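Visitor: Mind looking over this structure? Questions follow.
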Amino acid sequence: MDVEDVGGKGKPVVGDGVSSLFWKDPWLDGVSLDARYARLFDLAVNKFATVAEMFSLGRGANGEAWKWRRRLFAWEEGL
């Protein structure tokens, strides 16, 4: 992922999403989604998917991007 220096703060630039890893690149305050949502990352099937791949698989609640190793518990769905 490219990082743009805006006002002294590096901000992620996704572009077409082909070179940006959905779970592994830093998104929120420089923290990756795998670190922020470790429980969901552990359950994710597509741990190294790019943003473009996740988008093409479908991002809705029933989209193919959200494949888990097992069915989520009700409390995990709120994460």
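Residue numbers start at 1 in each chain; chains themselves are named A, B, ... in the order of the structure tokens; ligands are numbered from 1 in the order shown.
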May I have the residues within 10 Å of Arg69 in chain A as a list in words, using only C-alpha atoms and disregarding those fewer than 6 positions away in the same chain?

Guide: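 Listing them by chain and then by number gives Leu40, Asp42, Leu43, Ala44, Val45 and Asn46 of chain A.
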
Visitor: Excluding same-chain residues fewer than 5 positions from range 36-39 of chain A, what lies within 12 Å of it counting only C-alpha atoms, as a list in words?

Guide: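 The residues that qualify are Phe22, Trp23, Lys24, Asp25, Pro26, Trp27, Leu28, Asp29, Gly30, Val31, Ala44, Lys47, Trp68, Arg69, Leu72, Phe73, Trp75, Glu76, Glu77, Gly78 and Leu79 of chain A.
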
Visitor: Once you count only C-alpha atoms, what closest atom pair and distance in Å to one decimal does each residue of range 30-79 of chain A within 12 Å of range 13-21 of chain A have, with rows by chain and rising residue number, as a tab-separated table?

Guide:
```
residue	atom	partner	partner_atom	distance
A:Ser32	CA	A:Leu21	CA	9.4
A:Leu33	CA	A:Leu21	CA	9.7
A:Asp34	CA	A:Leu21	CA	10.4
A:Asn46	CA	A:Leu21	CA	10.5
A:Lys47	CA	A:Leu21	CA	8.8
A:Phe48	CA	A:Leu21	CA	6.3
A:Ala49	CA	A:Leu21	CA	5.9
A:Thr50	CA	A:Leu21	CA	4.2
A:Val51	CA	A:Gly17	CA	4.7
A:Ala52	CA	A:Gly17	CA	4.5
A:Glu53	CA	A:Val18	CA	7.5
A:Met54	CA	A:Gly17	CA	9.2
A:Phe55	CA	A:Gly17	CA	8.7
A:Ser56	CA	A:Gly17	CA	10.5
```

Visitor: Just write the chosen residues, N, CA, C and O atoms, as a PDB file, in the first residue's frame.

Guide:
```pdb
ATOM      1  N   SER A  32      -3.277  -2.327  11.695  1.00  0.00           N
ATOM      2  CA  SER A  32      -3.891  -3.226  10.713  1.00  0.00           C
ATOM      3  C   SER A  32      -5.181  -3.836  11.280  1.00  0.00           C
ATOM      4  O   SER A  32      -5.361  -3.919  12.494  1.00  0.00           O
ATOM      5  N   LEU A  33      -6.039  -4.282  10.381  1.00  0.00           N
ATOM      6  CA  LEU A  33      -7.299  -4.901  10.806  1.00  0.00           C
ATOM      7  C   LEU A  33      -7.054  -6.227  11.510  1.00  0.00           C
ATOM      8  O   LEU A  33      -7.810  -6.596  12.413  1.00  0.00           O
ATOM      9  N   ASP A  34      -5.997  -6.949  11.129  1.00  0.00           N
ATOM     10  CA  ASP A  34      -5.713  -8.214  11.816  1.00  0.00           C
ATOM     11  C   ASP A  34      -5.318  -7.985  13.274  1.00  0.00           C
ATOM     12  O   ASP A  34      -5.590  -8.821  14.131  1.00  0.00           O
ATOM     13  N   ASN A  46      -9.651 -16.070   4.191  1.00  0.00           N
ATOM     14  CA  ASN A  46      -8.828 -15.321   3.228  1.00  0.00           C
ATOM     15  C   ASN A  46      -7.957 -14.273   3.932  1.00  0.00           C
ATOM     16  O   ASN A  46      -8.142 -13.093   3.773  1.00  0.00           O
ATOM     17  N   LYS A  47      -6.981 -14.734   4.668  1.00  0.00           N
ATOM     18  CA  LYS A  47      -6.133 -13.863   5.489  1.00  0.00           C
ATOM     19  C   LYS A  47      -5.231 -12.925   4.684  1.00  0.00           C
ATOM     20  O   LYS A  47      -4.827 -11.891   5.177  1.00  0.00           O
ATOM     21  N   PHE A  48      -4.890 -13.289   3.461  1.00  0.00           N
ATOM     22  CA  PHE A  48      -3.969 -12.472   2.667  1.00  0.00           C
ATOM     23  C   PHE A  48      -4.626 -11.917   1.414  1.00  0.00           C
ATOM     24  O   PHE A  48      -3.948 -11.637   0.424  1.00  0.00           O
ATOM     25  N   ALA A  49      -5.921 -11.703   1.476  1.00  0.00           N
ATOM     26  CA  ALA A  49      -6.654 -11.133   0.337  1.00  0.00           C
ATOM     27  C   ALA A  49      -6.346  -9.646   0.213  1.00  0.00           C
ATOM     28  O   ALA A  49      -6.148  -8.946   1.214  1.00  0.00           O
ATOM     29  N   THR A  50      -6.309  -9.175  -1.015  1.00  0.00           N
ATOM     30  CA  THR A  50      -6.146  -7.741  -1.248  1.00  0.00           C
ATOM     31  C   THR A  50      -7.502  -7.061  -1.101  1.00  0.00           C
ATOM     32  O   THR A  50      -8.553  -7.716  -1.065  1.00  0.00           O
ATOM     33  N   VAL A  51      -7.481  -5.747  -1.033  1.00  0.00           N
ATOM     34  CA  VAL A  51      -8.720  -4.977  -0.973  1.00  0.00           C
ATOM     35  C   VAL A  51      -9.540  -5.228  -2.239  1.00  0.00           C
ATOM     36  O   VAL A  51     -10.756  -5.414  -2.180  1.00  0.00           O
ATOM     37  N   ALA A  52      -8.881  -5.292  -3.381  1.00  0.00           N
ATOM     38  CA  ALA A  52      -9.573  -5.539  -4.651  1.00  0.00           C
ATOM     39  C   ALA A  52     -10.255  -6.906  -4.637  1.00  0.00           C
ATOM     40  O   ALA A  52     -11.396  -7.041  -5.089  1.00  0.00           O
ATOM     41  N   GLU A  53      -9.586  -7.929  -4.108  1.00  0.00           N
ATOM     42  CA  GLU A  53     -10.179  -9.266  -4.033  1.00  0.00           C
ATOM     43  C   GLU A  53     -11.395  -9.278  -3.113  1.00  0.00           C
ATOM     44  O   GLU A  53     -12.426  -9.865  -3.450  1.00  0.00           O
ATOM     45  N   MET A  54     -11.267  -8.647  -1.965  1.00  0.00           N
ATOM     46  CA  MET A  54     -12.397  -8.596  -1.016  1.00  0.00           C
ATOM     47  C   MET A  54     -13.581  -7.878  -1.655  1.00  0.00           C
ATOM     48  O   MET A  54     -14.723  -8.314  -1.524  1.00  0.00           O
ATOM     49  N   PHE A  55     -13.314  -6.790  -2.363  1.00  0.00           N
ATOM     50  CA  PHE A  55     -14.376  -6.037  -3.019  1.00  0.00           C
ATOM     51  C   PHE A  55     -15.058  -6.885  -4.081  1.00  0.00           C
ATOM     52  O   PHE A  55     -16.281  -6.934  -4.172  1.00  0.00           O
ATOM     53  N   SER A  56     -14.274  -7.598  -4.885  1.00  0.00           N
ATOM     54  CA  SER A  56     -14.848  -8.392  -5.974  1.00  0.00           C
ATOM     55  C   SER A  56     -15.631  -9.598  -5.455  1.00  0.00           C
ATOM     56  O   SER A  56     -16.554 -10.066  -6.114  1.00  0.00           O
TER      57      SER A  56
END
```

Visitor: Using DSSP assignments from the backbone, pull out every residue in range 29-59 of chain A that falls under alpha helix (DSSP H) and give it to me as a PyMOL selection string.

Guide: chain A and resi 33-36+38-43+51-57

Visitor: Mind listing the strand (DSSP E or B) residues of range 3-79 of chain A, per DSSP on the backbone, as a PyMOL selection string?

Guide: chain A and resi 3-6+9-13+21+26-28+31-32+44+50+68
